[in-house]
file final_9.cif (mmCIF, C-alpha atoms)
data_final
#
loop_
_atom_site.group_PDB
_atom_site.id
_atom_site.type_symbol
_atom_site.label_atom_id
_atom_site.label_comp_id
_atom_site.auth_asym_id
_atom_site.auth_seq_id
_atom_site.Cartn_x
_atom_site.Cartn_y
_atom_site.Cartn_z
ATOM 1 C CA MET A 925 116.857 67.464 2.211
ATOM 2 C CA LEU A 926 118.034 67.478 -1.406
ATOM 3 C CA LYS A 927 115.710 66.293 -4.127
ATOM 4 C CA ILE A 928 117.444 65.004 -7.246
ATOM 5 C CA THR A 929 115.561 64.683 -10.522
ATOM 6 C CA GLY A 930 116.484 64.688 -14.180
ATOM 7 C CA VAL A 931 117.282 62.726 -17.310
ATOM 8 C CA GLY A 932 120.569 60.993 -18.017
ATOM 9 C CA HIS A 933 123.537 63.113 -16.951
ATOM 10 C CA ASN A 934 121.450 66.238 -16.520
ATOM 11 C CA LEU A 935 120.544 65.863 -12.879
ATOM 12 C CA GLU A 936 118.698 68.768 -11.351
ATOM 13 C CA ILE A 937 119.338 69.210 -7.660
ATOM 14 C CA SER A 938 116.503 71.043 -5.997
ATOM 15 C CA LYS A 939 117.961 72.817 -2.979
ATOM 16 C CA PRO A 940 116.114 75.023 -0.556
ATOM 17 C CA LYS A 941 116.585 78.509 -1.981
ATOM 18 C CA ALA A 942 118.893 80.767 -0.059
ATOM 19 C CA LYS A 943 116.864 82.917 2.259
ATOM 20 C CA LEU A 944 116.712 86.477 1.087
ATOM 21 C CA SER A 945 117.305 89.408 3.367
ATOM 22 C CA SER A 946 114.503 91.923 3.600
ATOM 23 C CA ASN A 947 115.950 95.183 2.337
ATOM 24 C CA ASP A 948 113.212 95.352 -0.346
ATOM 25 C CA GLN A 949 115.398 97.344 -2.703
ATOM 26 C CA LYS A 950 115.152 97.208 -6.480
ATOM 27 C CA MET A 951 118.045 96.658 -8.858
ATOM 28 C CA LEU A 952 118.338 96.947 -12.632
ATOM 29 C CA LEU A 953 120.947 94.796 -14.403
ATOM 30 C CA ILE A 954 121.685 95.664 -18.025
ATOM 31 C CA ARG A 955 123.345 93.386 -20.565
ATOM 32 C CA ARG A 956 122.085 93.827 -24.075
ATOM 33 C CA TRP A 957 123.333 90.899 -26.115
ATOM 34 C CA ARG A 958 125.549 87.863 -26.808
ATOM 35 C CA LEU A 959 124.135 84.615 -25.460
ATOM 36 C CA GLY A 960 127.342 83.539 -23.709
ATOM 37 C CA ASP A 961 127.674 86.901 -21.992
ATOM 38 C CA ILE A 962 124.043 86.836 -20.824
ATOM 39 C CA ILE A 963 124.662 83.421 -19.252
ATOM 40 C CA MET A 964 127.894 84.623 -17.610
ATOM 41 C CA CYS A 965 125.873 87.374 -15.903
ATOM 42 C CA GLU A 966 123.880 84.779 -13.937
ATOM 43 C CA PRO A 967 126.231 84.789 -10.894
ATOM 44 C CA VAL A 968 125.733 88.563 -10.554
ATOM 45 C CA ASN A 969 121.968 88.067 -10.358
ATOM 46 C CA ARG A 970 122.352 85.227 -7.872
ATOM 47 C CA PHE A 971 124.620 87.221 -5.569
ATOM 48 C CA TRP A 972 122.460 90.323 -5.397
ATOM 49 C CA ALA A 973 119.204 88.349 -5.162
ATOM 50 C CA ARG A 974 120.618 86.719 -2.041
ATOM 51 C CA GLN A 975 121.190 90.197 -0.629
ATOM 52 C CA GLY A 976 117.464 90.817 -0.871
ATOM 53 C CA TYR A 977 117.261 92.881 -4.037
ATOM 54 C CA GLU A 978 114.280 92.590 -6.365
ATOM 55 C CA ILE A 979 116.088 92.358 -9.689
ATOM 56 C CA SER A 980 115.029 93.213 -13.226
ATOM 57 C CA PHE A 981 117.279 92.309 -16.150
ATOM 58 C CA CYS A 982 117.236 94.461 -19.287
ATOM 59 C CA SER A 983 118.267 92.702 -22.513
ATOM 60 C CA LEU A 984 117.111 91.949 -26.036
ATOM 61 C CA ASN A 985 113.898 89.928 -26.210
ATOM 62 C CA GLN A 986 115.442 86.707 -27.534
ATOM 63 C CA TYR A 987 117.435 86.267 -24.327
ATOM 64 C CA HIS A 988 114.492 86.582 -21.948
ATOM 65 C CA PRO A 989 113.802 82.790 -21.789
ATOM 66 C CA VAL A 990 117.440 82.241 -20.747
ATOM 67 C CA ILE A 991 117.290 84.933 -18.086
ATOM 68 C CA LYS A 992 114.055 83.458 -16.728
ATOM 69 C CA SER A 993 115.929 80.150 -16.398
ATOM 70 C CA PHE A 994 118.638 81.489 -14.065
ATOM 71 C CA ILE A 995 119.059 78.828 -11.404
ATOM 72 C CA GLU A 996 118.030 80.852 -8.391
ATOM 73 C CA HIS A 997 115.641 83.802 -7.980
ATOM 74 C CA PRO A 998 115.215 84.448 -11.736
ATOM 75 C CA PRO A 999 114.864 88.184 -12.344
ATOM 76 C CA LYS A 1000 112.064 89.981 -14.095
ATOM 77 C CA THR A 1001 112.896 90.659 -17.739
ATOM 78 C CA MET A 1002 112.753 93.999 -19.505
ATOM 79 C CA THR A 1003 113.166 94.773 -23.198
ATOM 80 C CA TYR A 1004 116.293 96.629 -24.243
ATOM 81 C CA THR A 1005 115.285 99.412 -26.639
ATOM 82 C CA THR A 1006 117.491 102.088 -28.141
ATOM 83 C CA ASP A 1007 117.046 105.665 -29.210
ATOM 84 C CA LYS A 1008 118.086 107.014 -32.608
ATOM 85 C CA LYS A 1009 121.691 107.286 -31.437
ATOM 86 C CA GLY A 1010 121.780 103.666 -30.264
ATOM 87 C CA GLY A 1011 121.661 104.500 -26.568
ATOM 88 C CA LEU A 1012 119.517 102.669 -24.030
ATOM 89 C CA MET A 1013 116.147 104.330 -23.664
ATOM 90 C CA ASN A 1014 114.822 104.858 -20.168
ATOM 91 C CA PRO A 1015 112.862 101.684 -19.392
ATOM 92 C CA GLY A 1016 110.698 103.595 -16.929
ATOM 93 C CA TYR A 1017 111.927 101.536 -14.013
ATOM 94 C CA LYS A 1018 112.442 103.119 -10.609
ATOM 95 C CA THR A 1019 115.516 101.514 -9.106
ATOM 96 C CA ASP A 1020 117.672 101.798 -6.013
ATOM 97 C CA LYS A 1021 120.740 100.423 -7.801
ATOM 98 C CA GLU A 1022 121.637 100.102 -11.489
ATOM 99 C CA ILE A 1023 124.504 97.998 -12.850
ATOM 100 C CA ASN A 1024 125.380 98.274 -16.529
ATOM 101 C CA LEU A 1025 127.133 95.040 -17.479
ATOM 102 C CA ASP A 1026 127.444 96.249 -21.082
ATOM 103 C CA ASN A 1027 130.601 97.957 -19.838
ATOM 104 C CA VAL A 1028 132.387 94.579 -19.948
ATOM 105 C CA ASP A 1029 133.732 94.178 -23.480
ATOM 106 C CA LEU A 1030 135.377 91.295 -25.344
ATOM 107 C CA VAL A 1031 138.836 92.314 -24.159
ATOM 108 C CA HIS A 1032 138.851 93.075 -20.453
ATOM 109 C CA SER A 1033 141.756 93.734 -18.136
ATOM 110 C CA GLY A 1034 142.302 93.109 -14.464
ATOM 111 C CA ALA A 1035 140.167 89.956 -14.357
ATOM 112 C CA ILE A 1036 141.025 86.283 -14.708
ATOM 113 C CA SER A 1037 137.845 85.542 -16.617
ATOM 114 C CA LYS A 1038 134.868 87.358 -18.059
ATOM 115 C CA VAL A 1039 132.715 85.956 -15.261
ATOM 116 C CA GLU A 1040 135.046 87.645 -12.786
ATOM 117 C CA ALA A 1041 134.868 90.829 -14.852
ATOM 118 C CA PHE A 1042 131.067 90.773 -14.612
ATOM 119 C CA LEU A 1043 131.257 90.176 -10.865
ATOM 120 C CA LYS A 1044 133.620 93.111 -10.397
ATOM 121 C CA THR A 1045 131.471 95.365 -12.577
ATOM 122 C CA GLY A 1046 128.519 94.243 -10.485
ATOM 123 C CA ASP A 1047 130.209 95.527 -7.325
ATOM 124 C CA ILE A 1048 130.919 91.989 -6.140
ATOM 125 C CA ASP A 1049 134.244 91.035 -4.602
ATOM 126 C CA THR A 1050 133.949 87.378 -3.643
ATOM 127 C CA ALA A 1051 136.302 84.435 -3.282
ATOM 128 C CA ASP A 1052 133.335 82.055 -3.145
ATOM 129 C CA GLU A 1053 133.930 79.653 -6.040
ATOM 130 C CA GLN A 1054 130.218 78.943 -6.474
ATOM 131 C CA TYR A 1055 129.839 82.355 -8.090
ATOM 132 C CA PHE A 1056 132.373 81.616 -10.814
ATOM 133 C CA ARG A 1057 130.248 78.945 -12.518
ATOM 134 C CA PRO A 1058 127.109 80.202 -14.275
ATOM 135 C CA GLN A 1059 124.107 77.922 -13.824
ATOM 136 C CA ILE A 1060 120.660 77.738 -15.399
ATOM 137 C CA ASN A 1061 117.722 75.347 -15.169
ATOM 138 C CA VAL A 1062 116.051 73.587 -18.072
ATOM 139 C CA SER A 1063 112.288 73.323 -17.842
ATOM 140 C CA PRO A 1064 110.902 69.771 -18.282
ATOM 141 C CA THR A 1065 108.774 71.241 -21.071
ATOM 142 C CA TYR A 1066 111.854 71.804 -23.240
ATOM 143 C CA VAL A 1067 113.242 68.357 -22.427
ATOM 144 C CA SER A 1068 109.913 66.764 -23.397
ATOM 145 C CA TRP A 1069 109.867 68.730 -26.654
ATOM 146 C CA ALA A 1070 113.347 67.449 -27.538
ATOM 147 C CA LYS A 1071 112.405 63.839 -26.772
ATOM 148 C CA ILE A 1072 109.277 64.054 -28.890
ATOM 149 C CA MET A 1073 111.178 65.615 -31.810
ATOM 150 C CA LEU A 1074 113.839 62.913 -31.760
ATOM 151 C CA THR A 1075 111.300 60.129 -31.337
ATOM 152 C CA ASP A 1076 109.322 61.446 -34.324
ATOM 153 C CA MET A 1077 112.583 61.248 -36.289
ATOM 154 C CA ARG A 1078 112.923 57.621 -35.150
ATOM 155 C CA ILE A 1079 116.044 58.395 -33.151
ATOM 156 C CA ASP A 1080 116.526 56.160 -30.126
ATOM 157 C CA ILE A 1081 117.032 58.566 -27.222
ATOM 158 C CA ASN A 1082 118.369 55.732 -25.053
ATOM 159 C CA GLN A 1083 121.513 55.391 -27.154
ATOM 160 C CA PRO A 1084 124.529 57.673 -26.665
ATOM 161 C CA LEU A 1085 123.857 60.966 -28.446
ATOM 162 C CA VAL A 1086 126.732 63.252 -29.438
ATOM 163 C CA ALA A 1087 125.839 66.829 -30.412
ATOM 164 C CA ILE A 1088 128.174 68.878 -32.596
ATOM 165 C CA ILE A 1089 127.762 72.594 -33.244
ATOM 166 C CA LYS A 1090 127.811 73.629 -36.910
ATOM 167 C CA GLN A 1091 128.006 77.382 -37.119
ATOM 168 C CA SER A 1092 125.862 78.615 -39.996
ATOM 169 C CA PHE A 1093 127.398 82.094 -40.121
ATOM 170 C CA ALA A 1094 130.815 83.548 -40.863
ATOM 171 C CA PRO A 1095 132.412 80.345 -42.206
ATOM 172 C CA ASN A 1096 135.780 82.089 -42.352
ATOM 173 C CA SER A 1097 135.606 83.247 -38.746
ATOM 174 C CA PRO A 1098 138.576 82.187 -36.602
ATOM 175 C CA ARG A 1099 136.023 80.727 -34.194
ATOM 176 C CA SER A 1100 134.616 78.333 -36.821
ATOM 177 C CA LEU A 1101 136.074 74.923 -37.595
ATOM 178 C CA PRO A 1102 136.678 74.392 -41.327
ATOM 179 C CA ASP A 1103 134.157 72.030 -42.930
ATOM 180 C CA VAL A 1104 136.840 69.522 -43.915
ATOM 181 C CA ILE A 1105 137.781 69.055 -40.245
ATOM 182 C CA LEU A 1106 134.146 68.866 -39.119
ATOM 183 C CA ASP A 1107 133.389 66.269 -41.804
ATOM 184 C CA GLU A 1108 136.169 64.040 -40.481
ATOM 185 C CA ILE A 1109 134.925 64.417 -36.910
ATOM 186 C CA TYR A 1110 131.386 63.517 -37.997
ATOM 187 C CA SER A 1111 132.619 60.408 -39.808
ATOM 188 C CA ASN A 1112 134.875 59.265 -36.964
ATOM 189 C CA LEU A 1113 132.193 59.479 -34.273
ATOM 190 C CA ALA A 1114 129.369 58.125 -36.436
ATOM 191 C CA LYS A 1115 131.113 54.750 -36.403
ATOM 192 C CA ASP A 1116 130.021 54.244 -32.790
ATOM 193 C CA TYR A 1117 127.550 56.981 -31.817
ATOM 194 C CA LYS A 1118 124.498 58.830 -33.040
ATOM 195 C CA VAL A 1119 125.712 62.273 -34.100
ATOM 196 C CA LEU A 1120 123.308 65.222 -33.948
ATOM 197 C CA ILE A 1121 124.455 68.301 -35.853
ATOM 198 C CA ILE A 1122 123.009 71.491 -34.367
ATOM 199 C CA GLY A 1123 122.936 75.010 -35.766
ATOM 200 C CA GLU A 1124 120.735 78.070 -35.812
ATOM 201 C CA ARG A 1125 120.132 78.069 -39.576
ATOM 202 C CA PRO A 1126 119.705 75.096 -41.928
ATOM 203 C CA VAL A 1127 122.959 74.147 -43.649
ATOM 204 C CA LYS A 1128 123.945 71.260 -45.880
ATOM 205 C CA ILE A 1129 126.159 68.545 -44.399
ATOM 206 C CA ASN A 1130 128.693 66.894 -46.696
ATOM 207 C CA VAL A 1131 128.866 63.514 -44.931
ATOM 208 C CA GLU A 1132 126.113 60.914 -45.202
ATOM 209 C CA SER A 1133 125.580 58.201 -42.622
ATOM 210 C CA ASN A 1134 122.636 56.546 -40.891
ATOM 211 C CA ASN A 1135 124.226 57.670 -37.628
ATOM 212 C CA ILE A 1136 124.383 61.361 -38.592
ATOM 213 C CA GLN A 1137 121.269 63.487 -38.173
ATOM 214 C CA ASN A 1138 121.291 67.068 -39.467
ATOM 215 C CA LEU A 1139 119.215 69.121 -37.004
ATOM 216 C CA THR A 1140 120.419 72.548 -38.129
ATOM 217 C CA GLY A 1141 117.473 74.924 -38.171
ATOM 218 C CA CYS A 1142 115.254 72.514 -36.205
ATOM 219 C CA THR A 1143 115.316 74.267 -32.841
ATOM 220 C CA PRO A 1144 112.849 77.184 -32.600
ATOM 221 C CA ASP A 1145 114.528 79.037 -29.712
ATOM 222 C CA ILE A 1146 117.482 78.985 -27.347
ATOM 223 C CA MET A 1147 115.878 76.987 -24.538
ATOM 224 C CA SER A 1148 114.734 74.329 -27.017
ATOM 225 C CA VAL A 1149 118.418 73.813 -27.760
ATOM 226 C CA ALA A 1150 118.990 73.488 -24.009
ATOM 227 C CA GLY A 1151 116.314 70.801 -23.846
ATOM 228 C CA LEU A 1152 118.006 68.924 -26.672
ATOM 229 C CA LEU A 1153 121.482 69.227 -25.163
ATOM 230 C CA SER A 1154 120.202 68.024 -21.788
ATOM 231 C CA ILE A 1155 119.569 64.543 -23.195
ATOM 232 C CA CYS A 1156 122.886 64.329 -25.070
ATOM 233 C CA GLN A 1157 125.896 62.607 -23.552
ATOM 234 C CA LEU A 1158 128.361 65.050 -25.104
ATOM 235 C CA LEU A 1159 128.634 68.354 -26.957
ATOM 236 C CA ILE A 1160 131.544 69.180 -29.246
ATOM 237 C CA THR A 1161 131.779 72.911 -29.762
ATOM 238 C CA VAL A 1162 133.970 75.868 -30.536
ATOM 239 C CA ASP A 1163 133.618 79.165 -28.651
ATOM 240 C CA THR A 1164 129.905 79.860 -29.112
ATOM 241 C CA GLY A 1165 126.985 80.924 -26.973
ATOM 242 C CA LEU A 1166 125.807 77.317 -27.047
ATOM 243 C CA MET A 1167 129.053 76.281 -25.359
ATOM 244 C CA HIS A 1168 128.055 78.488 -22.435
ATOM 245 C CA LEU A 1169 124.499 77.165 -22.557
ATOM 246 C CA ALA A 1170 125.727 73.568 -22.319
ATOM 247 C CA GLY A 1171 128.256 74.424 -19.619
ATOM 248 C CA ALA A 1172 125.603 76.148 -17.518
ATOM 249 C CA ILE A 1173 123.483 72.964 -17.484
ATOM 250 C CA SER A 1174 126.511 70.702 -16.866
ATOM 251 C CA VAL A 1175 126.534 68.890 -20.204
ATOM 252 C CA PRO A 1176 129.880 67.087 -20.746
ATOM 253 C CA MET A 1177 131.794 68.916 -23.480
ATOM 254 C CA VAL A 1178 134.792 69.046 -25.727
ATOM 255 C CA SER A 1179 135.512 72.761 -26.269
ATOM 256 C CA ILE A 1180 137.885 73.748 -29.077
ATOM 257 C CA LEU A 1181 139.476 77.149 -28.481
ATOM 258 C CA GLY A 1182 141.949 79.248 -30.450
ATOM 259 C CA PRO A 1183 141.603 83.030 -30.334
ATOM 260 C CA THR A 1184 140.033 82.857 -26.868
ATOM 261 C CA ARG A 1185 141.691 81.562 -23.714
ATOM 262 C CA PRO A 1186 140.433 78.597 -21.664
ATOM 263 C CA ASP A 1187 140.625 80.388 -18.312
ATOM 264 C CA ASP A 1188 138.480 83.181 -19.666
ATOM 265 C CA ILE A 1189 135.924 81.186 -21.602
ATOM 266 C CA SER A 1190 135.190 77.667 -20.433
ATOM 267 C CA SER A 1191 137.519 76.265 -17.791
ATOM 268 C CA PHE A 1192 135.002 77.173 -15.061
ATOM 269 C CA TYR A 1193 132.388 74.794 -16.490
ATOM 270 C CA GLU A 1194 132.215 71.257 -15.130
ATOM 271 C CA TYR A 1195 132.966 68.144 -17.190
ATOM 272 C CA ASN A 1196 134.765 69.982 -19.973
ATOM 273 C CA SER A 1197 137.687 68.698 -22.064
ATOM 274 C CA ILE A 1198 139.298 71.780 -23.588
ATOM 275 C CA LEU A 1199 141.450 71.575 -26.700
ATOM 276 C CA ASP A 1200 143.555 74.739 -26.764
ATOM 277 C CA VAL A 1201 145.031 75.403 -30.202
ATOM 278 C CA GLY A 1202 145.779 79.088 -29.703
ATOM 279 C CA ARG A 1203 148.865 80.545 -31.337
ATOM 280 C CA GLU A 1204 151.489 82.736 -29.712
ATOM 281 C CA CYS A 1205 149.242 85.761 -30.314
ATOM 282 C CA SER A 1206 146.308 84.223 -28.415
ATOM 283 C CA PRO A 1207 144.148 85.335 -26.794
ATOM 284 C CA CYS A 1208 143.217 87.983 -29.338
ATOM 285 C CA PHE A 1209 139.420 87.469 -29.124
ATOM 286 C CA ASP A 1210 139.455 88.200 -32.850
ATOM 287 C CA ARG A 1211 136.382 87.502 -34.943
ATOM 288 C CA GLY A 1212 138.035 88.120 -38.304
ATOM 289 C CA CYS A 1213 141.662 86.987 -38.199
ATOM 290 C CA ASP A 1214 143.066 85.669 -41.474
ATOM 291 C CA ALA A 1215 145.383 83.235 -39.675
ATOM 292 C CA SER A 1216 142.742 81.107 -37.983
ATOM 293 C CA CYS A 1217 144.048 79.031 -35.087
ATOM 294 C CA LEU A 1218 141.389 76.403 -35.699
ATOM 295 C CA ARG A 1219 142.809 75.434 -39.081
ATOM 296 C CA SER A 1220 145.488 73.564 -37.137
ATOM 297 C CA VAL A 1221 142.981 71.329 -35.318
ATOM 298 C CA GLN A 1222 143.531 67.618 -35.775
ATOM 299 C CA ALA A 1223 140.202 65.828 -36.168
ATOM 300 C CA GLN A 1224 141.604 62.673 -34.598
ATOM 301 C CA GLU A 1225 142.552 64.513 -31.410
ATOM 302 C CA VAL A 1226 139.015 65.886 -31.131
ATOM 303 C CA THR A 1227 137.689 62.360 -31.656
ATOM 304 C CA ASN A 1228 140.020 60.982 -28.982
ATOM 305 C CA LEU A 1229 138.973 63.640 -26.472
ATOM 306 C CA ALA A 1230 135.323 62.940 -27.245
ATOM 307 C CA ARG A 1231 135.727 59.221 -26.641
ATOM 308 C CA GLU A 1232 137.611 59.847 -23.397
ATOM 309 C CA ARG A 1233 134.911 62.207 -22.130
ATOM 310 C CA LEU A 1234 132.155 59.775 -23.139
ATOM 311 C CA SER A 1235 133.860 56.963 -21.254
ATOM 312 C CA ALA A 1236 134.211 59.112 -18.109
ATOM 313 C CA PRO A 1237 131.794 62.042 -18.553
ATOM 314 C CA PHE A 1238 132.074 63.446 -15.042
ATOM 315 C CA LEU A 1239 135.838 63.800 -14.770
ATOM 316 C CA PRO A 1240 136.916 67.315 -13.791
ATOM 317 C CA THR A 1241 137.585 69.848 -16.517
ATOM 318 C CA TYR A 1242 141.064 69.693 -18.013
ATOM 319 C CA ILE A 1243 142.990 71.382 -20.823
ATOM 320 C CA SER A 1244 144.770 69.623 -23.670
ATOM 321 C CA ASN A 1245 147.265 71.811 -25.509
ATOM 322 C CA GLN A 1246 147.716 70.870 -29.147
ATOM 323 C CA SER A 1247 151.100 71.827 -30.579
ATOM 324 C CA ARG A 1248 151.061 75.471 -31.604
ATOM 325 C CA LEU A 1249 152.086 76.386 -35.138
#

call {"tool": "encode", "arguments": {"input": "final_9.cif", "output": "structure tokens"}}
result
Amino acid sequence: MLKITGVGHNLEISKPKAKLSSNDQKMLLIRRWRLGDIIMCEPVNRFWARQGYEISFCSLNQYHPVIKSFIEHPPKTMTYTTDKKGGLMNPGYKTDKEINLDNVDLVHSGAISKVEAFLKTGDIDTADEQYFRPQINVSPTYVSWAKIMLTDMRIDINQPLVAIIKQSFAPNSPRSLPDVILDEIYSNLAKDYKVLIIGERPVKINVESNNIQNLTGCTPDIMSVAGLLSICQLLITVDTGLMHLAGAISVPMVSILGPTRPDDISSFYEYNSILDVGRECSPCFDRGCDASCLRSVQAQEVTNLARERLSAPFLPTYISNQSRL
């Protein structure tokens, strides 16, 4: 029997865990960094855990809370440490099987998506679609923290909340929306919704409105962001790790992509409206291109997609192609 719990859209379905086989073997998965990539490794853990492996996951410390939140049979976490040459030091773990997922780079060939690339690197050849959508759980502790924070700020958590990612680094990155476009999106949506601006570091916001709340720098860790997103009705985001975080907990999204391709990055997440503004040279996966695709984004189209997704949050994922320049 399924037990369904949760807040708002973020329903958590508690299923009986898949019964593990009893081979009692140990496996070490290695993926050092990048939040989105760590999350996209979750299906590899799920597959091999169901084969009966006792899994440990080696990564940087800041990703351990995410790894411990993998939806099924969360692995043990191990700290990724390097020697003087930058190589992985022996973690002192006796293992029957080791899979180094660091071998999957930004640009990968022979795979439809990076999730598929991780599966193939993890010795998994499956047509089972359940393994192509990363999934994590959000502890009620993080959800409670987010509710308390917003309540202390006198924000009504029962009203529609729209989160928007404001990247606080590399403002000229091709993966960042220019401030002038973000400002227009903030203003458009604040006419009807409470807008929560989220970012790792505190940044100044140019637009003032009673319906705009600057929460940049307010979340102490990654899973606190997950708790906050879980009570929002929508996230508007470019290609960031937080896009993957929201997708893995089934938050309705508007994803704005340029130098990365929808099939590779976010089309496998549920409830996602993807605005693809990539040029003829996309996907380049570039982090420093001078001809940023996202400069061509029309704020009104983002606003329209947001309103459509808010009116029907659980429609299947679809891609909207803005005219390429």

call {"tool": "axis_aligned_box", "arguments": {"input": "final_9.cif", "around": "region 1149-1164 of chain A", "padding_each_side": "6 Å", "output": "JSON"}}
result
{"center_x": 125.1, "center_y": 71.2, "center_z": -26.2, "size_x": 29.7, "size_y": 29.3, "size_z": 20.7}

call {"tool": "resolve_selection", "arguments": {"input": "final_9.cif", "expression": "the PyMOL selection byres ((chain A and resi 1177-1180) around 6)", "output": "ChimeraX atom specification"}}
result
/A:1158-1162,1176,1181,1196-1199

call {"tool": "resolve_selection", "arguments": {"input": "final_9.cif", "expression": "the PyMOL selection byres ((chain A and resi 1237) around 9)", "output": "PyMOL selection string"}}
result
chain A and resi 933+1157-1158+1175-1177+1195-1196+1232-1236+1238-1240

call {"tool": "closest_residue", "arguments": {"input": "final_9.cif", "among": "A:Ser1174, A:Gln1246, A:Ser1037, A:Thr1006", "to": "Val1201 (chain A)", "atoms": "only C-alpha atoms"}}
result
A:Gln1246

call {"tool": "resolve_selection", "arguments": {"input": "final_9.cif", "expression": "the PyMOL selection byres ((chain A and resi 1117) around 9)", "output": "list of chain:residue names"}}
result
A:Gln1083, A:Pro1084, A:Leu1085, A:Val1086, A:Leu1113, A:Ala1114, A:Lys1115, A:Asp1116, A:Lys1118, A:Val1119, A:Asn1135, A:Ile1136

call {"tool": "residues_around", "arguments": {"input": "final_9.cif", "residues": "Gln949 (chain A)", "least_positions_apart": "6", "cutoff": "10 Å", "atoms": "all atoms listed in the file", "output": "PyMOL selection string"}}
result
chain A and resi 975-979+1019-1021

call {"tool": "closest_residue", "arguments": {"input": "final_9.cif", "among": "A:Asn1245, A:Asn1024, A:Ser983, A:Ser1148", "to": "Thr1005 (chain A)", "atoms": "all atoms listed in the file"}}
result
A:Ser983

call {"tool": "closest_residue", "arguments": {"input": "final_9.cif", "among": "A:Lys950, A:Glu1108, A:Cys1142, A:Ile1243", "to": "Trp1069 (chain A)", "atoms": "all atoms listed in the file"}}
result
A:Cys1142

call {"tool": "residues_around", "arguments": {"input": "final_9.cif", "residues": "Ile1060 (chain A)", "least_positions_apart": "5", "cutoff": "9 Å", "atoms": "only C-alpha atoms", "output": "MDAnalysis selection string"}}
result
chainID A and resid 963 966 990:996 1169 1172:1173

call {"tool": "atom_distance", "arguments": {"input": "final_9.cif", "atom1": "CA of Gly1151 (chain A)", "atom2": "CA of Ile1129 (chain A)"}}
result
22.9 Å

call {"tool": "closest_residue", "arguments": {"input": "final_9.cif", "among": "A:Cys982, A:Ala1170, A:Ile1189, A:Leu1074", "to": "Ala1041 (chain A)", "atoms": "only C-alpha atoms"}}
result
A:Ile1189

call {"tool": "atom_distance", "arguments": {"input": "final_9.cif", "atom1": "CA of Asp1026 (chain A)", "atom2": "CA of Gln986 (chain A)"}}
result
16.6 Å

call {"tool": "atom_distance", "arguments": {"input": "final_9.cif", "atom1": "CA of Gly1011 (chain A)", "atom2": "CA of Asn1027 (chain A)"}}
result
13.0 Å

call {"tool": "residues_around", "arguments": {"input": "final_9.cif", "residues": "Val1127 (chain A)", "least_positions_apart": "4", "cutoff": "10 Å", "atoms": "all atoms listed in the file", "output": "ChimeraX atom specification"}}
result
/A:1090-1093,1121-1123,1138-1141

call {"tool": "closest_residue", "arguments": {"input": "final_9.cif", "among": "A:Arg1231, A:Arg1185, A:Lys1128, A:Arg974", "to": "Pro999 (chain A)", "atoms": "all atoms listed in the file"}}
result
A:Arg974

call {"tool": "closest_residue", "arguments": {"input": "final_9.cif", "among": "A:Glu1022, A:Glu1124, A:Asp1200, A:Asp1049", "to": "Leu952 (chain A)", "atoms": "all atoms listed in the file"}}
result
A:Glu1022

call {"tool": "residues_around", "arguments": {"input": "final_9.cif", "residues": "Leu1012 (chain A)", "least_positions_apart": "2", "cutoff": "12 Å", "atoms": "all atoms listed in the file", "output": "PyMOL selection string"}}
result
chain A and resi 954-956+982-984+1002-1010+1014-1016+1024+1026

call {"tool": "build_atoms", "arguments": {"input": "final_9.cif", "residues": "region 966-976 of chain A", "atoms": "N, CA and C atoms", "output": "PDB file, keeping the file's coordinate frame"}}
result
ATOM      1  N   GLU A 966     124.740  85.443 -14.931  1.00  0.00           N
ATOM      2  CA  GLU A 966     123.880  84.779 -13.937  1.00  0.00           C
ATOM      3  C   GLU A 966     124.423  84.870 -12.513  1.00  0.00           C
ATOM      4  N   PRO A 967     125.740  84.687 -12.275  1.00  0.00           N
ATOM      5  CA  PRO A 967     126.231  84.789 -10.894  1.00  0.00           C
ATOM      6  C   PRO A 967     125.998  86.165 -10.267  1.00  0.00           C
ATOM      7  N   VAL A 968     125.999  87.224 -11.087  1.00  0.00           N
ATOM      8  CA  VAL A 968     125.733  88.563 -10.554  1.00  0.00           C
ATOM      9  C   VAL A 968     124.303  88.626 -10.022  1.00  0.00           C
ATOM     10  N   ASN A 969     123.365  88.105 -10.806  1.00  0.00           N
ATOM     11  CA  ASN A 969     121.968  88.067 -10.358  1.00  0.00           C
ATOM     12  C   ASN A 969     121.829  87.252  -9.087  1.00  0.00           C
ATOM     13  N   ARG A 970     122.482  86.108  -9.030  1.00  0.00           N
ATOM     14  CA  ARG A 970     122.352  85.227  -7.872  1.00  0.00           C
ATOM     15  C   ARG A 970     122.881  85.901  -6.603  1.00  0.00           C
ATOM     16  N   PHE A 971     124.034  86.568  -6.738  1.00  0.00           N
ATOM     17  CA  PHE A 971     124.620  87.221  -5.569  1.00  0.00           C
ATOM     18  C   PHE A 971     123.693  88.300  -5.018  1.00  0.00           C
ATOM     19  N   TRP A 972     123.243  89.199  -5.891  1.00  0.00           N
ATOM     20  CA  TRP A 972     122.460  90.323  -5.397  1.00  0.00           C
ATOM     21  C   TRP A 972     121.051  89.919  -4.982  1.00  0.00           C
ATOM     22  N   ALA A 973     120.510  88.855  -5.609  1.00  0.00           N
ATOM     23  CA  ALA A 973     119.204  88.349  -5.162  1.00  0.00           C
ATOM     24  C   ALA A 973     119.300  87.837  -3.733  1.00  0.00           C
ATOM     25  N   ARG A 974     120.430  87.222  -3.406  1.00  0.00           N
ATOM     26  CA  ARG A 974     120.618  86.719  -2.041  1.00  0.00           C
ATOM     27  C   ARG A 974     120.794  87.857  -1.021  1.00  0.00           C
ATOM     28  N   GLN A 975     121.091  89.047  -1.532  1.00  0.00           N
ATOM     29  CA  GLN A 975     121.190  90.197  -0.629  1.00  0.00           C
ATOM     30  C   GLN A 975     119.826  90.871  -0.450  1.00  0.00           C
ATOM     31  N   GLY A 976     118.814  90.320  -1.074  1.00  0.00           N
ATOM     32  CA  GLY A 976     117.464  90.817  -0.871  1.00  0.00           C
ATOM     33  C   GLY A 976     116.961  91.782  -1.920  1.00  0.00           C
TER      34      GLY A 976
END
